[in-house]
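What's in final_13.cif: mmCIF, C-alpha atoms
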data_query
#
loop_
_atom_site.label_atom_id
_atom_site.label_comp_id
_atom_site.auth_asym_id
_atom_site.auth_seq_id
_atom_site.Cartn_x
_atom_site.Cartn_y
_atom_site.Cartn_z
CA MET F 1 -122.17 -19.80 5.45
CA SER F 2 -120.96 -16.32 4.63
CA PRO F 3 -118.87 -15.71 1.48
CA PHE F 4 -115.83 -15.14 3.69
CA GLN F 5 -116.30 -18.49 5.43
CA ILE F 6 -116.74 -20.26 2.10
CA LEU F 7 -113.53 -18.67 0.83
CA LEU F 8 -111.68 -19.59 4.02
CA VAL F 9 -112.77 -23.24 3.81
CA ALA F 10 -111.79 -23.34 0.13
CA MET F 11 -108.31 -21.99 0.90
CA ARG F 12 -107.84 -24.55 3.68
CA ALA F 13 -108.89 -27.39 1.38
CA LEU F 14 -106.47 -26.29 -1.30
CA TRP F 15 -103.65 -25.73 1.20
CA ARG F 16 -103.95 -29.33 2.42
CA ASN F 17 -102.82 -30.44 -1.05
CA LYS F 18 -100.35 -27.68 -1.89
CA LEU F 19 -98.37 -29.55 -4.55
CA ARG F 20 -101.46 -30.85 -6.32
CA SER F 21 -103.04 -27.39 -6.27
CA PHE F 22 -99.90 -25.87 -7.74
CA LEU F 23 -99.64 -28.47 -10.48
CA THR F 24 -103.31 -27.92 -11.27
CA THR F 25 -102.79 -24.22 -11.80
CA LEU F 26 -99.76 -24.71 -14.06
CA GLY F 27 -101.92 -24.84 -17.18
CA ILE F 28 -103.58 -21.54 -16.24
CA ILE F 29 -100.23 -19.97 -15.34
CA ILE F 30 -98.64 -20.97 -18.64
CA GLY F 31 -101.71 -19.96 -20.64
CA VAL F 32 -102.07 -16.49 -19.11
CA GLY F 33 -98.32 -15.90 -19.25
CA GLU F 34 -98.24 -16.87 -22.92
CA VAL F 35 -101.22 -14.68 -23.80
CA ILE F 36 -99.68 -11.60 -22.17
CA SER F 37 -96.15 -12.10 -23.50
CA MET F 38 -97.25 -13.03 -27.03
CA MET F 39 -99.73 -10.16 -27.22
CA ALA F 40 -96.98 -7.82 -25.97
CA ILE F 41 -94.70 -8.97 -28.81
CA GLY F 42 -97.49 -8.53 -31.37
CA ALA F 43 -98.51 -5.11 -30.05
CA GLY F 44 -94.88 -4.01 -29.98
CA ALA F 45 -94.39 -5.07 -33.59
CA LYS F 46 -97.55 -3.20 -34.62
CA ALA F 47 -96.49 -0.07 -32.73
CA GLN F 48 -93.08 -0.23 -34.39
CA VAL F 49 -94.71 -0.42 -37.84
CA GLU F 50 -96.92 2.56 -37.01
CA SER F 51 -94.01 4.65 -35.70
CA THR F 52 -91.88 3.77 -38.75
CA PHE F 53 -94.49 4.91 -41.22
CA ALA F 54 -95.41 7.92 -39.07
CA ALA F 55 -91.77 8.99 -39.29
CA MET F 56 -91.92 8.72 -43.08
CA GLY F 57 -95.11 10.78 -43.24
CA THR F 58 -98.86 10.23 -43.21
CA ASN F 59 -101.17 9.62 -46.17
CA LEU F 60 -98.04 9.50 -48.28
CA LEU F 61 -97.54 8.80 -51.98
CA ILE F 62 -94.17 8.85 -53.71
CA VAL F 63 -94.14 9.58 -57.44
CA LEU F 64 -91.07 8.23 -59.27
CA PRO F 65 -89.99 8.88 -62.87
CA GLY F 66 -89.96 6.01 -65.36
CA ALA F 67 -87.13 3.68 -66.24
CA ALA F 68 -84.16 4.67 -68.37
CA ASN F 69 -83.52 2.68 -71.54
CA THR F 70 -80.02 3.17 -72.91
CA SER F 71 -78.45 0.93 -75.56
CA GLY F 72 -80.95 -1.80 -74.83
CA GLN F 73 -80.26 -1.72 -71.08
CA ARG F 74 -83.32 -0.84 -69.03
CA GLY F 75 -82.98 0.57 -65.51
CA GLY F 76 -85.50 0.58 -62.67
CA PHE F 77 -88.14 3.19 -61.92
CA GLY F 78 -86.53 6.51 -61.06
CA SER F 79 -83.59 6.03 -63.40
CA GLY F 80 -85.18 7.91 -66.33
CA GLN F 81 -86.44 11.45 -66.86
CA THR F 82 -90.18 11.41 -67.45
CA ILE F 83 -91.54 13.75 -64.74
CA THR F 84 -91.33 17.48 -65.45
CA TRP F 85 -91.57 20.49 -63.18
CA ASP F 86 -94.87 21.29 -64.88
CA ASP F 87 -96.13 17.83 -63.88
CA PHE F 88 -95.20 18.63 -60.30
CA SER F 89 -97.06 21.95 -60.42
CA ALA F 90 -100.13 20.22 -61.87
CA ILE F 91 -100.12 17.56 -59.13
CA ARG F 92 -99.82 20.24 -56.47
CA ASP F 93 -102.43 22.64 -57.88
CA GLU F 94 -104.92 20.61 -59.92
CA VAL F 95 -105.63 17.41 -57.99
CA PRO F 96 -108.36 18.01 -55.37
CA THR F 97 -107.40 14.97 -53.27
CA VAL F 98 -103.81 16.20 -52.86
CA LYS F 99 -103.11 18.36 -49.82
CA HIS F 100 -99.39 18.97 -50.30
CA ALA F 101 -96.77 18.03 -52.88
CA ALA F 102 -93.02 18.58 -52.71
CA PRO F 103 -90.04 17.59 -54.87
CA SER F 104 -87.18 15.60 -53.40
CA LEU F 105 -83.87 16.05 -55.23
CA ARG F 106 -81.05 14.16 -53.58
CA SER F 107 -77.30 14.02 -53.78
CA SER F 108 -74.47 12.95 -51.51
CA GLN F 109 -72.36 16.01 -50.72
CA SER F 110 -69.58 17.05 -48.38
CA ILE F 111 -70.57 19.83 -45.96
CA VAL F 112 -67.71 21.86 -44.48
CA ALA F 113 -67.83 23.96 -41.30
CA GLY F 114 -64.47 25.54 -40.48
CA GLU F 115 -61.92 22.72 -40.28
CA VAL F 116 -64.54 19.96 -40.05
CA ASN F 117 -66.34 18.25 -42.93
CA TRP F 118 -69.04 15.60 -43.12
CA THR F 119 -70.48 13.79 -46.14
CA THR F 120 -74.24 13.43 -45.98
CA SER F 121 -77.41 13.29 -48.07
CA VAL F 122 -78.47 16.74 -49.27
CA THR F 123 -82.10 17.16 -50.35
CA GLY F 124 -83.47 19.96 -52.48
CA THR F 125 -87.15 20.56 -51.76
CA THR F 126 -89.87 23.08 -50.90
CA PRO F 127 -91.49 24.15 -47.58
CA ASP F 128 -94.36 21.66 -48.03
CA TYR F 129 -91.89 18.79 -47.67
CA PHE F 130 -91.65 19.35 -43.91
CA ASP F 131 -95.44 19.26 -43.54
CA ILE F 132 -95.70 16.06 -45.58
CA ARG F 133 -92.98 14.33 -43.53
CA ASN F 134 -94.29 15.63 -40.18
CA TRP F 135 -90.81 17.06 -39.65
CA PRO F 136 -90.75 20.39 -37.79
CA VAL F 137 -87.74 22.65 -37.34
CA ALA F 138 -86.34 22.43 -33.80
CA SER F 139 -84.46 25.74 -33.88
CA GLY F 140 -84.30 28.60 -36.34
CA SER F 141 -86.81 28.51 -39.20
CA ALA F 142 -87.61 26.63 -42.38
CA PHE F 143 -87.05 28.24 -45.75
CA THR F 144 -90.02 29.96 -47.39
CA GLN F 145 -91.50 30.21 -50.85
CA SER F 146 -89.53 33.42 -51.36
CA ASP F 147 -86.34 31.41 -50.84
CA ILE F 148 -87.54 29.00 -53.54
CA ASP F 149 -88.38 31.83 -55.93
CA ALA F 150 -85.08 33.65 -55.35
CA GLY F 151 -82.88 30.54 -55.11
CA THR F 152 -81.28 31.81 -51.88
CA LYS F 153 -78.26 30.05 -50.38
CA VAL F 154 -79.82 28.84 -47.15
CA ILE F 155 -79.63 25.40 -45.55
CA ILE F 156 -81.38 23.38 -42.83
CA LEU F 157 -79.27 20.74 -41.09
CA GLY F 158 -80.31 17.45 -39.54
CA GLN F 159 -79.36 16.68 -35.93
CA THR F 160 -76.66 14.15 -36.85
CA VAL F 161 -74.98 16.63 -39.22
CA VAL F 162 -75.03 19.30 -36.51
CA GLU F 163 -73.36 16.91 -34.04
CA LYS F 164 -70.66 15.92 -36.55
CA LEU F 165 -69.86 19.48 -37.63
CA PHE F 166 -70.46 21.56 -34.50
CA GLY F 167 -70.66 19.11 -31.60
CA ALA F 168 -73.50 17.85 -29.43
CA ASN F 169 -76.09 20.37 -28.24
CA ALA F 170 -74.67 23.08 -30.52
CA ASP F 171 -76.94 25.61 -32.23
CA PRO F 172 -75.43 26.46 -35.64
CA VAL F 173 -78.25 28.81 -36.71
CA GLY F 174 -76.70 31.93 -38.26
CA GLN F 175 -73.38 30.26 -39.04
CA SER F 176 -72.01 29.54 -42.49
CA VAL F 177 -71.18 26.17 -44.06
CA ARG F 178 -70.01 25.13 -47.50
CA VAL F 179 -71.66 22.50 -49.69
CA GLY F 180 -68.95 21.67 -52.16
CA THR F 181 -67.52 25.10 -52.92
CA THR F 182 -70.73 27.10 -52.37
CA PRO F 183 -71.29 28.88 -49.03
CA PHE F 184 -74.70 28.55 -47.35
CA ASN F 185 -76.23 30.25 -44.33
CA VAL F 186 -77.68 27.87 -41.73
CA ILE F 187 -81.21 29.07 -40.98
CA GLY F 188 -82.56 26.07 -39.07
CA VAL F 189 -82.02 22.67 -37.48
CA ALA F 190 -84.58 19.96 -38.18
CA ALA F 191 -86.14 18.15 -35.21
CA LYS F 192 -84.72 14.73 -34.37
CA LYS F 193 -86.39 12.08 -36.52
CA GLY F 194 -84.62 8.88 -35.49
CA GLN F 195 -84.02 5.79 -37.57
CA SER F 196 -86.03 3.80 -40.06
CA ALA F 197 -86.85 0.10 -39.58
CA SER F 198 -83.84 -0.73 -41.79
CA GLY F 199 -81.50 1.38 -39.66
CA GLN F 200 -81.28 4.45 -41.91
CA ASP F 201 -80.49 7.60 -39.93
CA TYR F 202 -83.12 10.13 -40.95
CA ASP F 203 -81.18 12.90 -39.16
CA ASP F 204 -78.05 12.44 -41.27
CA THR F 205 -79.27 14.90 -43.90
CA ALA F 206 -79.48 18.55 -44.93
CA PHE F 207 -82.06 20.52 -46.91
CA LEU F 208 -81.75 23.25 -49.54
CA PRO F 209 -84.38 25.15 -51.53
CA ALA F 210 -85.14 23.07 -54.63
CA THR F 211 -84.15 25.86 -57.04
CA THR F 212 -80.87 26.44 -55.24
CA PHE F 213 -80.15 22.71 -55.28
CA ALA F 214 -80.85 22.49 -59.03
CA GLN F 215 -78.59 25.46 -59.82
CA LYS F 216 -75.68 24.79 -57.43
CA ILE F 217 -75.70 20.98 -57.12
CA GLN F 218 -77.27 19.64 -60.33
CA GLY F 219 -75.88 22.35 -62.58
CA GLY F 220 -79.08 24.06 -63.72
CA LEU F 221 -82.85 23.98 -63.51
CA ASN F 222 -83.91 22.12 -66.67
CA ARG F 223 -87.32 20.91 -67.73
CA TYR F 224 -87.22 17.51 -66.03
CA LEU F 225 -87.44 16.95 -62.28
CA SER F 226 -84.42 14.77 -61.49
CA GLY F 227 -85.78 13.20 -58.35
CA GLN F 228 -89.10 12.15 -56.89
CA ILE F 229 -92.26 13.85 -55.68
CA TYR F 230 -93.71 13.40 -52.20
CA VAL F 231 -97.49 13.73 -52.19
CA GLU F 232 -99.76 13.97 -49.13
CA ALA F 233 -103.44 13.13 -49.58
CA ILE F 234 -106.11 15.22 -47.87
CA SER F 235 -106.91 12.30 -45.53
CA SER F 236 -106.00 8.67 -44.95
CA ASP F 237 -109.28 7.58 -46.53
CA ALA F 238 -108.49 9.62 -49.64
CA THR F 239 -105.00 8.19 -50.20
CA GLU F 240 -106.11 5.52 -52.66
CA ARG F 241 -108.28 8.04 -54.51
CA ALA F 242 -105.37 10.49 -54.65
CA GLU F 243 -103.19 7.77 -56.17
CA LYS F 244 -105.77 7.20 -58.92
CA ASP F 245 -106.17 10.94 -59.50
CA VAL F 246 -102.42 11.53 -59.82
CA THR F 247 -102.09 8.53 -62.13
CA ALA F 248 -104.90 9.82 -64.36
CA LEU F 249 -103.37 13.31 -64.44
CA LEU F 250 -99.90 12.13 -65.39
CA ARG F 251 -101.18 9.73 -68.05
CA GLN F 252 -103.19 12.56 -69.54
CA ARG F 253 -100.25 14.98 -69.46
CA HIS F 254 -97.90 12.39 -70.96
CA HIS F 255 -100.45 11.54 -73.72
CA LEU F 256 -100.51 7.85 -72.85
CA THR F 257 -103.17 5.66 -74.48
CA ASP F 258 -104.95 2.70 -72.89
CA ARG F 259 -102.39 0.40 -74.48
CA ASP F 260 -99.41 2.30 -73.08
CA ASP F 261 -97.81 1.41 -69.77
CA ASP F 262 -97.22 4.12 -67.20
CA ASP F 263 -93.91 5.92 -67.68
CA PHE F 264 -93.84 6.64 -63.96
CA SER F 265 -94.43 4.76 -60.71
CA ILE F 266 -96.44 5.66 -57.60
CA ARG F 267 -95.72 4.03 -54.26
CA ASN F 268 -98.54 4.10 -51.75
CA LEU F 269 -96.95 3.91 -48.31
CA SER F 270 -100.36 3.72 -46.62
CA GLU F 271 -100.98 0.38 -48.37
CA MET F 272 -97.55 -0.83 -47.28
CA ALA F 273 -98.30 0.21 -43.71
CA ASP F 274 -101.71 -1.50 -43.77
CA SER F 275 -100.15 -4.66 -45.17
CA ARG F 276 -97.49 -4.81 -42.48
CA GLN F 277 -100.04 -4.06 -39.77
CA GLN F 278 -102.29 -6.84 -41.05
CA SER F 279 -99.32 -9.21 -40.95
CA ALA F 280 -98.59 -8.14 -37.38
CA ASP F 281 -102.26 -8.57 -36.41
CA THR F 282 -102.36 -12.04 -37.99
CA MET F 283 -99.23 -13.10 -36.13
CA THR F 284 -100.62 -11.70 -32.86
CA ALA F 285 -103.90 -13.59 -33.34
CA LEU F 286 -102.00 -16.79 -34.11
CA LEU F 287 -99.83 -16.47 -31.01
CA ALA F 288 -102.85 -15.63 -28.84
CA SER F 289 -104.70 -18.70 -30.20
CA VAL F 290 -101.81 -20.95 -29.24
CA ALA F 291 -101.80 -19.43 -25.75
CA ALA F 292 -105.59 -19.84 -25.48
CA VAL F 293 -105.15 -23.59 -26.02
CA SER F 294 -102.96 -23.66 -22.92
CA LEU F 295 -105.75 -21.96 -20.97
CA LEU F 296 -108.19 -24.58 -22.24
CA VAL F 297 -105.87 -27.38 -21.17
CA GLY F 298 -105.49 -25.68 -17.79
CA GLY F 299 -109.28 -25.57 -17.41
CA ILE F 300 -109.54 -29.27 -18.18
CA GLY F 301 -106.87 -29.90 -15.53
CA ILE F 302 -108.90 -27.97 -12.97
CA MET F 303 -112.04 -29.99 -13.77
CA ASN F 304 -110.09 -33.26 -13.51
CA ILE F 305 -108.60 -32.42 -10.13
CA MET F 306 -111.91 -31.13 -8.79
CA LEU F 307 -113.58 -34.41 -9.78
CA VAL F 308 -110.83 -36.26 -7.93
CA SER F 309 -111.35 -33.96 -4.97
CA VAL F 310 -115.10 -34.65 -4.94
CA THR F 311 -114.41 -38.40 -4.88
CA GLU F 312 -111.85 -38.07 -2.09
CA ARG F 313 -114.13 -35.86 0.02
CA THR F 314 -117.37 -37.76 -0.49
CA ARG F 315 -117.62 -38.65 3.22
CA GLU F 316 -116.84 -35.01 4.18
CA ILE F 317 -119.67 -33.84 1.89
CA GLY F 318 -122.02 -36.35 3.51
CA VAL F 319 -121.13 -35.08 7.01
CA ARG F 320 -121.76 -31.45 5.97
CA MET F 321 -125.12 -32.31 4.47
CA ALA F 322 -126.05 -34.29 7.59
CA LEU F 323 -125.24 -31.21 9.68
CA GLY F 324 -127.59 -29.06 7.60
CA ALA F 325 -125.60 -27.90 4.58
CA LYS F 326 -127.82 -27.35 1.54
CA PRO F 327 -126.90 -28.60 -1.95
CA TYR F 328 -126.24 -25.01 -3.09
CA ASN F 329 -123.79 -24.60 -0.16
CA VAL F 330 -121.81 -27.60 -1.41
CA LEU F 331 -122.07 -26.36 -5.00
CA LEU F 332 -120.77 -22.93 -3.98
CA GLN F 333 -117.99 -24.49 -1.91
CA PHE F 334 -116.47 -26.50 -4.76
CA LEU F 335 -117.10 -23.76 -7.31
CA THR F 336 -115.18 -21.36 -5.06
CA GLU F 337 -112.26 -23.77 -4.87
CA ALA F 338 -112.12 -24.00 -8.66
CA LEU F 339 -112.36 -20.22 -8.94
CA VAL F 340 -109.57 -19.68 -6.38
CA LEU F 341 -107.31 -22.12 -8.26
CA SER F 342 -107.87 -20.40 -11.60
CA MET F 343 -107.54 -16.86 -10.22
CA LEU F 344 -104.34 -17.65 -8.35
CA GLY F 345 -103.00 -19.24 -11.53
CA GLY F 346 -104.09 -16.16 -13.49
CA LEU F 347 -102.34 -13.83 -11.03
CA VAL F 348 -99.07 -15.76 -11.20
CA GLY F 349 -99.45 -15.97 -15.00
CA VAL F 350 -99.81 -12.19 -15.24
CA ILE F 351 -96.58 -11.68 -13.30
CA ILE F 352 -94.73 -14.25 -15.42
CA GLY F 353 -96.16 -12.86 -18.67
CA VAL F 354 -95.14 -9.26 -17.92
CA GLY F 355 -91.72 -10.42 -16.77
CA THR F 356 -91.25 -12.56 -19.89
CA ALA F 357 -92.18 -9.64 -22.17
CA GLN F 358 -89.65 -7.39 -20.45
CA TRP F 359 -86.97 -10.08 -20.60
CA ILE F 360 -87.55 -10.61 -24.33
CA ALA F 361 -87.27 -6.86 -24.92
CA ILE F 362 -83.95 -6.71 -23.05
CA ARG F 363 -82.47 -10.00 -24.24
CA PHE F 364 -83.33 -9.85 -27.94
CA GLY F 365 -84.00 -6.15 -28.45
CA TRP F 366 -87.53 -6.81 -29.72
CA ALA F 367 -90.18 -4.15 -29.41
CA THR F 368 -92.78 -5.25 -26.83
CA LEU F 369 -95.82 -3.40 -25.53
CA VAL F 370 -97.66 -4.72 -22.47
CA GLN F 371 -101.25 -3.52 -22.64
CA PRO F 372 -103.29 -3.16 -19.41
CA GLN F 373 -106.48 -4.27 -21.17
CA VAL F 374 -104.78 -7.51 -22.21
CA ILE F 375 -103.74 -8.16 -18.59
CA MET F 376 -107.28 -7.54 -17.35
CA LEU F 377 -108.81 -9.67 -20.10
CA SER F 378 -106.39 -12.54 -19.49
CA PHE F 379 -107.06 -12.50 -15.75
CA ALA F 380 -110.83 -12.33 -16.30
CA PHE F 381 -110.63 -15.21 -18.79
CA SER F 382 -108.71 -17.34 -16.29
CA ALA F 383 -111.50 -16.75 -13.76
CA PHE F 384 -114.07 -17.62 -16.44
CA VAL F 385 -112.21 -20.86 -17.18
CA GLY F 386 -112.31 -21.75 -13.46
CA VAL F 387 -116.06 -21.18 -13.30
CA VAL F 388 -116.83 -23.07 -16.53
CA PHE F 389 -114.71 -26.10 -15.71
CA GLY F 390 -115.60 -26.06 -12.03
CA VAL F 391 -119.37 -26.16 -12.51
CA TYR F 392 -119.60 -29.86 -13.36
CA PRO F 393 -117.54 -31.16 -10.37
CA ALA F 394 -119.36 -28.74 -8.03
CA ARG F 395 -122.76 -29.80 -9.33
CA LYS F 396 -121.80 -33.47 -8.97
CA ALA F 397 -120.77 -32.85 -5.35
CA SER F 398 -124.02 -31.02 -4.55
CA GLN F 399 -126.15 -33.88 -5.91
CA LEU F 400 -124.59 -36.58 -3.71
CA ASP F 401 -127.01 -38.48 -1.50
CA PRO F 402 -126.05 -37.69 2.14
CA ILE F 403 -126.70 -41.28 3.34
CA GLU F 404 -124.67 -42.85 0.54
CA ALA F 405 -121.95 -40.25 1.08
CA LEU F 406 -121.69 -41.15 4.79
CA ARG F 407 -121.35 -44.82 3.90
CA TYR F 408 -118.58 -44.11 1.39
CA GLU F 409 -115.18 -45.53 2.35
#
Can you turn what I pasted into structure tokens?
Amino acid sequence: MSPFQILLVAMRALWRNKLRSFLTTLGIIIGVGEVISMMAIGAGAKAQVESTFAAMGTNLLIVLPGAANTSGQRGGFGSGQTITWDDFSAIRDEVPTVKHAAPSLRSSQSIVAGEVNWTTSVTGTTPDYFDIRNWPVASGSAFTQSDIDAGTKVIILGQTVVEKLFGANADPVGQSVRVGTTPFNVIGVAAKKGQSASGQDYDDTAFLPATTFAQKIQGGLNRYLSGQIYVEAISSDATERAEKDVTALLRQRHHLTDRDDDDFSIRNLSEMADSRQQSADTMTALLASVAAVSLLVGGIGIMNIMLVSVTERTREIGVRMALGAKPYNVLLQFLTEALVLSMLGGLVGVIIGVGTAQWIAIRFGWATLVQPQVIMLSFAFSAFVGVVFGVYPARKASQLDPIEALRYE
């Protein structure tokens, strides 16, 4: 028999017992659907983690001052003044594993444009900040080192601030705004950054040269850096080394002994990202394992039904052998039926899995990502399950004695 004839006979045999064939494939359908939908949820969660940390910046360290201790009351890291501007310069210029470093001085200020005002977060920083945060300027230009040195009154606005002060799609470059009582010239608009995982609007912000911020907002450029330092390592592999190098530098500059605790804190966002990605990978693997059990159960169901089918069709097998069918023809016939059952179940499971992932994304607002390789792997695995669990019933059918099979009632 040709492969087409074998397939045609297999389809006819399965069609004669439509309900039983459908119920047999349910395990495969559920298993494949679960694998695709669960993997889509896991991949979506992982992609969301990656995009969140990419928005914050790559290879990123954040250096915070130590804790304040006033009248016996101790604050958290960042509440004291332990990091100096000289420390910042040393981190930027003396640590070989550091690519960029930039201060981040923040304050909530009211920005006024004509008759409209908007209160937002104003950050004083340097040009390297935009490289560290992967945050280009959409229109106009960023401030330069000469603006830092001269303390010029220039400002870069985030997209949300532009919309609130000037309206949607406006280009405020060249216009003047006031921060408090000080006028500033708008020289650029930062590209849209979006929101953090916690819902913080990155675009609801404005940027000033650090020296201008210190003089006009903080009231003077004193010795201590009243904020935090963003540090970008030279590569992702060097982030941990950069953290150790910066720690060693600051301990040396602050004359701390081995017995002294750090009077500063360094947050390694790469480690946080890796930790969250590992959690997402673990959850994805767990969900996929649960779905794989359904595929296994579906395979057992196929083997069970095929064994029943062999028993029911014993006389038919005997007639075929008497008419000249070889054992391998019978083996191939029943193996094809098992393969058709599993592949049809896999195809329906793919459709249900993709549909479920899309429904979850719409219904619950979860991030899902359907991956083509997962679909192909799930479908291939369903076919593999059909072959593995169909071999035994097919082999049993091919080894029947034709005479005994013809006598079977």
Identify the residues around (-95.6, 20.1, -58.5) within a radius of 7 Å, measuring from all atoms listed in the file in the coordinates stated by the file, and give them as a PyMOL selection string. chain F and resi 85-92+101-102
Residue with the minimum atom-to-atom distance to Pro96 (chain F), picked from F:Ile148, F:Ile217, F:Ala242, F:Met376 with all atoms listed in the file counted, is F:Ala242
With a distance cut-off of 10 Å and all atoms listed in the file, select the neighbouring residues of region 172-178 of chain F, excluding the residue or stretch itself and same-chain residues fewer than 2 positions from it, and output the selection as a PDB file with C-alpha atoms, in the frame of the given file.
ATOM      1  CA  GLN F 109     -72.360  16.010 -50.720  1.00  0.00           C
ATOM      2  CA  SER F 110     -69.580  17.050 -48.380  1.00  0.00           C
ATOM      3  CA  ILE F 111     -70.570  19.830 -45.960  1.00  0.00           C
ATOM      4  CA  VAL F 112     -67.710  21.860 -44.480  1.00  0.00           C
ATOM      5  CA  ALA F 113     -67.830  23.960 -41.300  1.00  0.00           C
ATOM      6  CA  GLY F 114     -64.470  25.540 -40.480  1.00  0.00           C
ATOM      7  CA  VAL F 116     -64.540  19.960 -40.050  1.00  0.00           C
ATOM      8  CA  ASN F 117     -66.340  18.250 -42.930  1.00  0.00           C
ATOM      9  CA  SER F 139     -84.460  25.740 -33.880  1.00  0.00           C
ATOM     10  CA  GLY F 140     -84.300  28.600 -36.340  1.00  0.00           C
ATOM     11  CA  SER F 141     -86.810  28.510 -39.200  1.00  0.00           C
ATOM     12  CA  VAL F 154     -79.820  28.840 -47.150  1.00  0.00           C
ATOM     13  CA  ILE F 155     -79.630  25.400 -45.550  1.00  0.00           C
ATOM     14  CA  ILE F 156     -81.380  23.380 -42.830  1.00  0.00           C
ATOM     15  CA  LEU F 157     -79.270  20.740 -41.090  1.00  0.00           C
ATOM     16  CA  VAL F 162     -75.030  19.300 -36.510  1.00  0.00           C
ATOM     17  CA  GLU F 163     -73.360  16.910 -34.040  1.00  0.00           C
ATOM     18  CA  LEU F 165     -69.860  19.480 -37.630  1.00  0.00           C
ATOM     19  CA  PHE F 166     -70.460  21.560 -34.500  1.00  0.00           C
ATOM     20  CA  GLY F 167     -70.660  19.110 -31.600  1.00  0.00           C
ATOM     21  CA  ASN F 169     -76.090  20.370 -28.240  1.00  0.00           C
ATOM     22  CA  ALA F 170     -74.670  23.080 -30.520  1.00  0.00           C
ATOM     23  CA  GLY F 180     -68.950  21.670 -52.160  1.00  0.00           C
ATOM     24  CA  THR F 181     -67.520  25.100 -52.920  1.00  0.00           C
ATOM     25  CA  THR F 182     -70.730  27.100 -52.370  1.00  0.00           C
ATOM     26  CA  PRO F 183     -71.290  28.880 -49.030  1.00  0.00           C
ATOM     27  CA  PHE F 184     -74.700  28.550 -47.350  1.00  0.00           C
ATOM     28  CA  ASN F 185     -76.230  30.250 -44.330  1.00  0.00           C
ATOM     29  CA  VAL F 186     -77.680  27.870 -41.730  1.00  0.00           C
ATOM     30  CA  ILE F 187     -81.210  29.070 -40.980  1.00  0.00           C
ATOM     31  CA  GLY F 188     -82.560  26.070 -39.070  1.00  0.00           C
ATOM     32  CA  VAL F 189     -82.020  22.670 -37.480  1.00  0.00           C
TER      33      VAL F 189
END
Would you kindly return, as a ChimeraX atom specification, each protein, DNA or RNA residue with an atom no farther than 12 Å from any atom of Pro372 (chain F), considering all atoms listed in the file and excluding same-chain residues fewer than 2 positions away? /F:36,39-40,43,350,354,369-370,374-379
Shortest interatomic distance to Ala191 (chain F) - which of F:Ile305, F:Val137, F:Val348, F:Ala168, counting only C-alpha atoms: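 Closest residue, counting only C-alpha atoms: F:Val137.
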Please enumerate the residues selected by the PyMOL selection byres ((chain F and resi 395) around 10) when evaluated against the supplied file, formatted as a list in words. Pro327, Tyr328, Val330, Leu331, Leu332, Phe334, Leu335, Gly390, Val391, Tyr392, Pro393, Ala394, Lys396, Ala397, Ser398, Gln399 and Leu400 of chain F
In Å to one decimal, how far is CA of Ala47 (chain F) from CA of Ser294 (chain F)? 26.4 Å
Measure the distance from CA of Ile360 (chain F) to CA of Val32 (chain F) in Å and round it to one decimal. 16.5 Å
In Å, how far is it from CA of Thr257 (chain F) to CA of Tyr224 (chain F)?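 Result for CA of Thr257 (chain F) versus CA of Tyr224 (chain F): 21.6 Å, one decimal.
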Counting all atoms listed in the file, the residue among F:Leu105, F:Ile30, F:Val35, F:Ile41 that lies closest to Gly227 (chain F) is F:Leu105
Looking at all atoms listed in the file, which of F:Arg320, F:Gln371, F:Gly353, F:Gly298 is the one that sits closest to Thr24 (chain F)?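 Closest residue, counting all atoms listed in the file: F:Gly298.
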Please provide the set of residues having any atom within 10 Å of Thr311 (chain F), restricted to all atoms listed in the file, with same-chain residues fewer than 2 positions apart removed, written as a list of chain:residue names. F:Ile305, F:Met306, F:Leu307, F:Val308, F:Ser309, F:Arg313, F:Thr314, F:Arg315, F:Glu316, F:Ile317, F:Pro393, F:Lys396, F:Ala397, F:Ala405, F:Tyr408
Residues selected by the PyMOL selection byres ((chain F and resi 213) around 10), written as a ChimeraX atom specification: /F:105-107,122-125,148,151-153,207-212,214-221
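Closest to Thr336 (chain F) among F:Val388, F:Ile300, F:Ile29, F:Val293 is F:Val388, based on only C-alpha atoms.
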Can you tell me, as number ranges by chain, what residues are no more than 7 Å from Leu295 (chain F) when counting only C-alpha atoms, ignoring any on the same chain fewer than 4 positions away? F: 27-28, 31-32, 291, 299
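Proximity ranking of F:Thr82, F:Leu19, F:Ser37, F:Ser104 relative to Arg253 (chain F) places F:Thr82 first, based on all atoms listed in the file.
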